[in-house]
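Asks: Here it is, the structure in full.
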Amino acid sequence: MSGTIEQSQATDVPGGAPLGIDDLLERVRAGYRRIEAREAYQAADAGEALLVDIRYAALRERDGVIPGALVIERNELEWRLDPRGSHRVPEATGHDVRVVVICNEGYASSLAAASLHQLGLHRATDLVGGFQAWRAEGLPVEPARI
C-alpha cells in the first residue's frame, strides 16, 4: 500500500458497505511501520525523528508532555507539517522528515499518520499505545506549560 487511502478503499468490503473504524485502522496501519515508545525515544534523542503530540490541551495538562515534542493539536496537523504549506512550522523542512505522531492511546495518531502520508510525508508513523505507552515505559515526561 502506498500510504494513501483511496475513496474505493473506504468501501471495498462485500456488498460495498463502508468500512468500520477498526477495519479502517487496520488498513491505514498496513501502509507503514508503527513505532514503539522506546524506539521513538531513541530516534528523537539521536535527532532522527520529530515527535509530534496531537493530544488536546486538557490531556496535556492532566498527564504532562514529552520533553522536546512539538505540540500541534490534531485539527492543525496537516497545515503545520506540510513542507510546502504557508502555515508550516520551521521543523517541517521537507517530505523526508521522520515524524512520529503521538495521541493519547495510539488510535487517532494512526489516522493522522495516514493523512501525513497523503501529503507526501512518507516517513510519518505513529506511536503504538500513544502517550500512555510512553509514560508506562518510564520515559521522560514533564508538566505541561499551558
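For the C-alpha cells, the naming scheme is as follows: chains receive sequential letters (A, B, ...) according to their order of presentation, residues are indexed from 1 within each chain, and ligands are indexed from 1 in presentation order.
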Skipping near chain neighbours, those fewer than 6 positions away, what residues fall within 6 Å of Pro83 of chain A using only C-alpha atoms, listed as an NGL selection string?
Replies: :A and (92-94)
Asks: Keeping only N, CA, C and O atoms, write the selected residues as a compact mmCIF listing (two decimals), in the first residue's frame.
Replies:
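Saved to result.txt:
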# COMPACT_ATOMS: atom_id res chain seq x y z
N ALA A 92 9.15 21.58 9.72
CA ALA A 92 8.63 20.92 8.51
C ALA A 92 9.51 21.30 7.33
O ALA A 92 9.14 22.07 6.45
N THR A 93 10.71 20.70 7.31
CA THR A 93 11.73 21.09 6.34
C THR A 93 11.66 20.35 5.01
O THR A 93 12.30 20.76 4.06
N GLY A 94 10.92 19.26 4.96
CA GLY A 94 10.84 18.50 3.72
C GLY A 94 10.01 17.25 3.91
O GLY A 94 9.60 16.91 5.03
Asks: Would you mind listing what lies within 9 Å of Ile54 of chain A as an NGL selection string, with only C-alpha atoms counted and same-chain residues fewer than 3 positions away left out?
Replies: :A and (70-77 or 101-104 or 108-109 or 112)
Asks: Name the closest residue to Arg60 of chain A among the candidates A:Pro18, A:Gly47, A:Gly129, A:Pro143; distances are taken between atoms, counting only C-alpha atoms.
Replies: A:Pro143
Asks: What are the closest atom pairs, with distances in Å to one decimal, for all residues of segment 30-109 of chain A lying within 12 Å of segment 134-141 of chain A? Consider only C-alpha atoms, order rows by chain and residue number, and present the result as a tab-separated table.
Replies:
residue	atom	partner	partner_atom	distance
A:Ile35	CA	A:Trp134	CA	11.0
A:Glu36	CA	A:Trp134	CA	8.4
A:Ala37	CA	A:Trp134	CA	5.1
A:Arg38	CA	A:Glu137	CA	7.3
A:Glu39	CA	A:Trp134	CA	10.3
A:Ala40	CA	A:Trp134	CA	9.0
A:Tyr41	CA	A:Leu139	CA	7.6
A:Gln42	CA	A:Leu139	CA	10.3
A:Ala44	CA	A:Pro140	CA	12.0
A:Asp45	CA	A:Pro140	CA	11.2
A:Leu51	CA	A:Trp134	CA	11.7
A:Asp53	CA	A:Trp134	CA	11.6
A:Arg60	CA	A:Val141	CA	10.3
A:Glu61	CA	A:Val141	CA	11.6
A:Arg62	CA	A:Val141	CA	11.7
A:Asp63	CA	A:Val141	CA	8.4
A:Gly64	CA	A:Val141	CA	6.0
A:Val65	CA	A:Val141	CA	5.4
A:Ile66	CA	A:Val141	CA	4.8
A:Pro67	CA	A:Val141	CA	6.2
A:Gly68	CA	A:Val141	CA	9.9
A:Ala69	CA	A:Val141	CA	10.2
A:Ile102	CA	A:Trp134	CA	9.3
A:Cys103	CA	A:Trp134	CA	10.5
A:Asn104	CA	A:Trp134	CA	9.6
A:Glu105	CA	A:Trp134	CA	9.6
A:Gly106	CA	A:Trp134	CA	10.5
Asks: For the residues in that selection, give me N, CA and C atoms as a PDB file, in the first residue's frame.
Replies:
ATOM      1  N   ILE A  35       5.766   2.568  15.480  1.00  0.00           N
ATOM      2  CA  ILE A  35       6.971   2.590  16.297  1.00  0.00           C
ATOM      3  C   ILE A  35       6.595   2.462  17.778  1.00  0.00           C
ATOM      4  N   GLU A  36       7.393   1.713  18.511  1.00  0.00           N
ATOM      5  CA  GLU A  36       7.199   1.536  19.953  1.00  0.00           C
ATOM      6  C   GLU A  36       7.837   2.715  20.695  1.00  0.00           C
ATOM      7  N   ALA A  37       7.435   2.912  21.942  1.00  0.00           N
ATOM      8  CA  ALA A  37       7.861   4.072  22.728  1.00  0.00           C
ATOM      9  C   ALA A  37       9.382   4.172  22.868  1.00  0.00           C
ATOM     10  N   ARG A  38      10.029   3.092  23.227  1.00  0.00           N
ATOM     11  CA  ARG A  38      11.484   3.142  23.452  1.00  0.00           C
ATOM     12  C   ARG A  38      12.219   3.493  22.160  1.00  0.00           C
ATOM     13  N   GLU A  39      11.785   2.936  21.027  1.00  0.00           N
ATOM     14  CA  GLU A  39      12.411   3.245  19.741  1.00  0.00           C
ATOM     15  C   GLU A  39      12.184   4.714  19.372  1.00  0.00           C
ATOM     16  N   ALA A  40      10.995   5.225  19.638  1.00  0.00           N
ATOM     17  CA  ALA A  40      10.703   6.635  19.363  1.00  0.00           C
ATOM     18  C   ALA A  40      11.593   7.535  20.212  1.00  0.00           C
ATOM     19  N   TYR A  41      11.746   7.187  21.466  1.00  0.00           N
ATOM     20  CA  TYR A  41      12.606   7.954  22.371  1.00  0.00           C
ATOM     21  C   TYR A  41      14.034   7.997  21.842  1.00  0.00           C
ATOM     22  N   GLN A  42      14.557   6.841  21.455  1.00  0.00           N
ATOM     23  CA  GLN A  42      15.933   6.764  20.963  1.00  0.00           C
ATOM     24  C   GLN A  42      16.103   7.545  19.658  1.00  0.00           C
ATOM     25  N   ALA A  44      14.301  10.129  18.591  1.00  0.00           N
ATOM     26  CA  ALA A  44      14.214  11.567  18.881  1.00  0.00           C
ATOM     27  C   ALA A  44      15.494  12.043  19.570  1.00  0.00           C
ATOM     28  N   ASP A  45      15.989  11.250  20.514  1.00  0.00           N
ATOM     29  CA  ASP A  45      17.205  11.603  21.241  1.00  0.00           C
ATOM     30  C   ASP A  45      18.406  11.721  20.311  1.00  0.00           C
ATOM     31  N   LEU A  51       9.070  14.184  17.207  1.00  0.00           N
ATOM     32  CA  LEU A  51       7.896  13.736  17.949  1.00  0.00           C
ATOM     33  C   LEU A  51       6.854  14.837  17.912  1.00  0.00           C
ATOM     34  N   ASP A  53       3.070  15.737  19.326  1.00  0.00           N
ATOM     35  CA  ASP A  53       1.991  15.432  20.256  1.00  0.00           C
ATOM     36  C   ASP A  53       0.719  16.117  19.764  1.00  0.00           C
ATOM     37  N   ARG A  60      -2.894  17.106  27.934  1.00  0.00           N
ATOM     38  CA  ARG A  60      -1.513  17.517  28.214  1.00  0.00           C
ATOM     39  C   ARG A  60      -1.407  18.094  29.615  1.00  0.00           C
ATOM     40  N   GLU A  61      -2.401  18.869  30.009  1.00  0.00           N
ATOM     41  CA  GLU A  61      -2.391  19.460  31.346  1.00  0.00           C
ATOM     42  C   GLU A  61      -2.519  18.373  32.414  1.00  0.00           C
ATOM     43  N   ARG A  62      -3.357  17.391  32.173  1.00  0.00           N
ATOM     44  CA  ARG A  62      -3.574  16.315  33.138  1.00  0.00           C
ATOM     45  C   ARG A  62      -2.359  15.399  33.268  1.00  0.00           C
ATOM     46  N   ASP A  63      -1.786  14.988  32.119  1.00  0.00           N
ATOM     47  CA  ASP A  63      -0.763  13.944  32.120  1.00  0.00           C
ATOM     48  C   ASP A  63       0.658  14.430  31.902  1.00  0.00           C
ATOM     49  N   GLY A  64       0.820  15.666  31.436  1.00  0.00           N
ATOM     50  CA  GLY A  64       2.145  16.167  31.131  1.00  0.00           C
ATOM     51  C   GLY A  64       2.474  16.016  29.654  1.00  0.00           C
ATOM     52  N   VAL A  65       3.699  16.368  29.315  1.00  0.00           N
ATOM     53  CA  VAL A  65       4.145  16.339  27.924  1.00  0.00           C
ATOM     54  C   VAL A  65       5.501  15.647  27.834  1.00  0.00           C
ATOM     55  N   ILE A  66       5.844  15.268  26.631  1.00  0.00           N
ATOM     56  CA  ILE A  66       7.148  14.669  26.360  1.00  0.00           C
ATOM     57  C   ILE A  66       8.127  15.809  26.084  1.00  0.00           C
ATOM     58  N   PRO A  67       9.202  15.897  26.854  1.00  0.00           N
ATOM     59  CA  PRO A  67      10.180  16.965  26.617  1.00  0.00           C
ATOM     60  C   PRO A  67      10.683  16.944  25.176  1.00  0.00           C
ATOM     61  N   GLY A  68      10.662  18.088  24.538  1.00  0.00           N
ATOM     62  CA  GLY A  68      11.159  18.216  23.177  1.00  0.00           C
ATOM     63  C   GLY A  68      10.143  17.906  22.093  1.00  0.00           C
ATOM     64  N   ALA A  69       8.996  17.344  22.469  1.00  0.00           N
ATOM     65  CA  ALA A  69       7.971  17.047  21.457  1.00  0.00           C
ATOM     66  C   ALA A  69       7.308  18.342  21.002  1.00  0.00           C
ATOM     67  N   ILE A 102       1.913  11.335  18.055  1.00  0.00           N
ATOM     68  CA  ILE A 102       1.555  10.775  19.355  1.00  0.00           C
ATOM     69  C   ILE A 102       0.207  11.335  19.790  1.00  0.00           C
ATOM     70  N   CYS A 103      -0.735  10.431  20.024  1.00  0.00           N
ATOM     71  CA  CYS A 103      -2.011  10.828  20.615  1.00  0.00           C
ATOM     72  C   CYS A 103      -2.047  10.216  22.022  1.00  0.00           C
ATOM     73  N   ASN A 104      -3.197  10.102  22.607  1.00  0.00           N
ATOM     74  CA  ASN A 104      -3.266   9.583  23.966  1.00  0.00           C
ATOM     75  C   ASN A 104      -3.025   8.082  24.040  1.00  0.00           C
ATOM     76  N   GLU A 105      -3.671   7.301  23.154  1.00  0.00           N
ATOM     77  CA  GLU A 105      -3.568   5.850  23.249  1.00  0.00           C
ATOM     78  C   GLU A 105      -3.175   5.158  21.942  1.00  0.00           C
ATOM     79  N   GLY A 106      -2.911   5.916  20.884  1.00  0.00           N
ATOM     80  CA  GLY A 106      -2.429   5.308  19.652  1.00  0.00           C
ATOM     81  C   GLY A 106      -3.485   5.000  18.609  1.00  0.00           C
TER      82      GLY A 106
END
Asks: Figure out the distance between atom CA of Ile21 of chain A and atom CA of Arg123 of chain A, please, to one decimal in Å.
Replies: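 Straight-line distance from atom CA of Arg123 of chain A to atom CA of Ile21 of chain A works out to 23.1 Å.
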Asks: Show which residues sit within 12 Å of Ala124 of chain A, as an MDAnalysis selection string. Count only C-alpha atoms, and ignore same-chain residues fewer than 4 positions away.
Replies: chainID A and resid 3:4 28:29 31:35 40 49:52 78 81:82 92 94:102 109:120
Asks: What residues in chain A get the DSSP label helix (DSSP H, G or I)? Please answer as a ChimeraX atom specification.
Replies: /A:7-10,14-16,21-29,37-45,57-63,74-81,108-118,130-136
Asks: For a quick check of understanding, using only C-alpha atoms, which of A:Glu26, A:Phe131, A:Ala58, A:Leu19 has the smallest distance to Arg145 of chain A?
Replies: A:Ala58
Asks: Please identify the strand (DSSP E or B) residues within chain A (assignment by DSSP from backbone atoms) and present them as a list in words.
Replies: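 Going through chain A, the strand (DSSP E or B) residues come out as Ile35, Leu50, Leu51, Val52, Asp53, Val65, Leu70, Val71, Val99, Val100, Val101, Ile102, Thr125, Asp126, Leu127 and Glu142 of chain A.
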Asks: Could you write out the selected residues, including N, CA, C and O atoms, as a PDB file, in the first residue's frame?
Replies:
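Writing the result to out.pdb gives the following:
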ATOM      1  N   ILE A  35       5.766   2.568  15.480  1.00  0.00           N
ATOM      2  CA  ILE A  35       6.971   2.590  16.297  1.00  0.00           C
ATOM      3  C   ILE A  35       6.595   2.462  17.778  1.00  0.00           C
ATOM      4  O   ILE A  35       5.591   3.008  18.226  1.00  0.00           O
ATOM      5  N   LEU A  50      11.100  13.524  14.632  1.00  0.00           N
ATOM      6  CA  LEU A  50      10.380  14.647  15.211  1.00  0.00           C
ATOM      7  C   LEU A  50       9.138  14.084  15.889  1.00  0.00           C
ATOM      8  O   LEU A  50       8.259  13.519  15.231  1.00  0.00           O
ATOM      9  N   LEU A  51       9.070  14.184  17.207  1.00  0.00           N
ATOM     10  CA  LEU A  51       7.896  13.736  17.949  1.00  0.00           C
ATOM     11  C   LEU A  51       6.854  14.837  17.912  1.00  0.00           C
ATOM     12  O   LEU A  51       7.165  15.997  18.212  1.00  0.00           O
ATOM     13  N   VAL A  52       5.626  14.488  17.552  1.00  0.00           N
ATOM     14  CA  VAL A  52       4.548  15.467  17.442  1.00  0.00           C
ATOM     15  C   VAL A  52       3.367  14.994  18.281  1.00  0.00           C
ATOM     16  O   VAL A  52       2.750  13.970  17.985  1.00  0.00           O
ATOM     17  N   ASP A  53       3.070  15.737  19.326  1.00  0.00           N
ATOM     18  CA  ASP A  53       1.991  15.432  20.256  1.00  0.00           C
ATOM     19  C   ASP A  53       0.719  16.117  19.764  1.00  0.00           C
ATOM     20  O   ASP A  53       0.655  17.347  19.704  1.00  0.00           O
ATOM     21  N   VAL A  65       3.699  16.368  29.315  1.00  0.00           N
ATOM     22  CA  VAL A  65       4.145  16.339  27.924  1.00  0.00           C
ATOM     23  C   VAL A  65       5.501  15.647  27.834  1.00  0.00           C
ATOM     24  O   VAL A  65       6.209  15.499  28.821  1.00  0.00           O
ATOM     25  N   LEU A  70       7.017  18.397  19.744  1.00  0.00           N
ATOM     26  CA  LEU A  70       6.306  19.529  19.169  1.00  0.00           C
ATOM     27  C   LEU A  70       4.820  19.310  19.411  1.00  0.00           C
ATOM     28  O   LEU A  70       4.292  18.245  19.113  1.00  0.00           O
ATOM     29  N   VAL A  71       4.143  20.287  19.988  1.00  0.00           N
ATOM     30  CA  VAL A  71       2.714  20.176  20.249  1.00  0.00           C
ATOM     31  C   VAL A  71       1.959  20.842  19.104  1.00  0.00           C
ATOM     32  O   VAL A  71       2.108  22.038  18.862  1.00  0.00           O
ATOM     33  N   VAL A  99       8.453  11.825  11.066  1.00  0.00           N
ATOM     34  CA  VAL A  99       7.503  12.342  12.040  1.00  0.00           C
ATOM     35  C   VAL A  99       6.892  11.168  12.794  1.00  0.00           C
ATOM     36  O   VAL A  99       6.426  10.211  12.182  1.00  0.00           O
ATOM     37  N   VAL A 100       6.888  11.257  14.118  1.00  0.00           N
ATOM     38  CA  VAL A 100       6.213  10.267  14.956  1.00  0.00           C
ATOM     39  C   VAL A 100       5.052  10.983  15.633  1.00  0.00           C
ATOM     40  O   VAL A 100       5.252  11.836  16.485  1.00  0.00           O
ATOM     41  N   VAL A 101       3.841  10.643  15.218  1.00  0.00           N
ATOM     42  CA  VAL A 101       2.640  11.281  15.752  1.00  0.00           C
ATOM     43  C   VAL A 101       2.231  10.549  17.025  1.00  0.00           C
ATOM     44  O   VAL A 101       2.183   9.318  17.066  1.00  0.00           O
ATOM     45  N   ILE A 102       1.913  11.335  18.055  1.00  0.00           N
ATOM     46  CA  ILE A 102       1.555  10.775  19.355  1.00  0.00           C
ATOM     47  C   ILE A 102       0.207  11.335  19.790  1.00  0.00           C
ATOM     48  O   ILE A 102       0.041  12.556  19.908  1.00  0.00           O
ATOM     49  N   THR A 125       4.877   8.156  10.921  1.00  0.00           N
ATOM     50  CA  THR A 125       4.397   6.980  11.623  1.00  0.00           C
ATOM     51  C   THR A 125       3.703   7.442  12.898  1.00  0.00           C
ATOM     52  O   THR A 125       3.552   8.634  13.122  1.00  0.00           O
ATOM     53  N   ASP A 126       3.277   6.484  13.699  1.00  0.00           N
ATOM     54  CA  ASP A 126       2.691   6.863  14.977  1.00  0.00           C
ATOM     55  C   ASP A 126       3.176   5.929  16.066  1.00  0.00           C
ATOM     56  O   ASP A 126       3.740   4.872  15.805  1.00  0.00           O
ATOM     57  N   LEU A 127       2.968   6.358  17.287  1.00  0.00           N
ATOM     58  CA  LEU A 127       3.453   5.649  18.462  1.00  0.00           C
ATOM     59  C   LEU A 127       2.416   4.624  18.910  1.00  0.00           C
ATOM     60  O   LEU A 127       1.285   4.989  19.246  1.00  0.00           O
ATOM     61  N   GLU A 142       7.223  15.726  31.438  1.00  0.00           N
ATOM     62  CA  GLU A 142       7.294  16.909  32.278  1.00  0.00           C
ATOM     63  C   GLU A 142       5.930  17.576  32.326  1.00  0.00           C
ATOM     64  O   GLU A 142       5.097  17.342  31.450  1.00  0.00           O
TER      65      GLU A 142
END
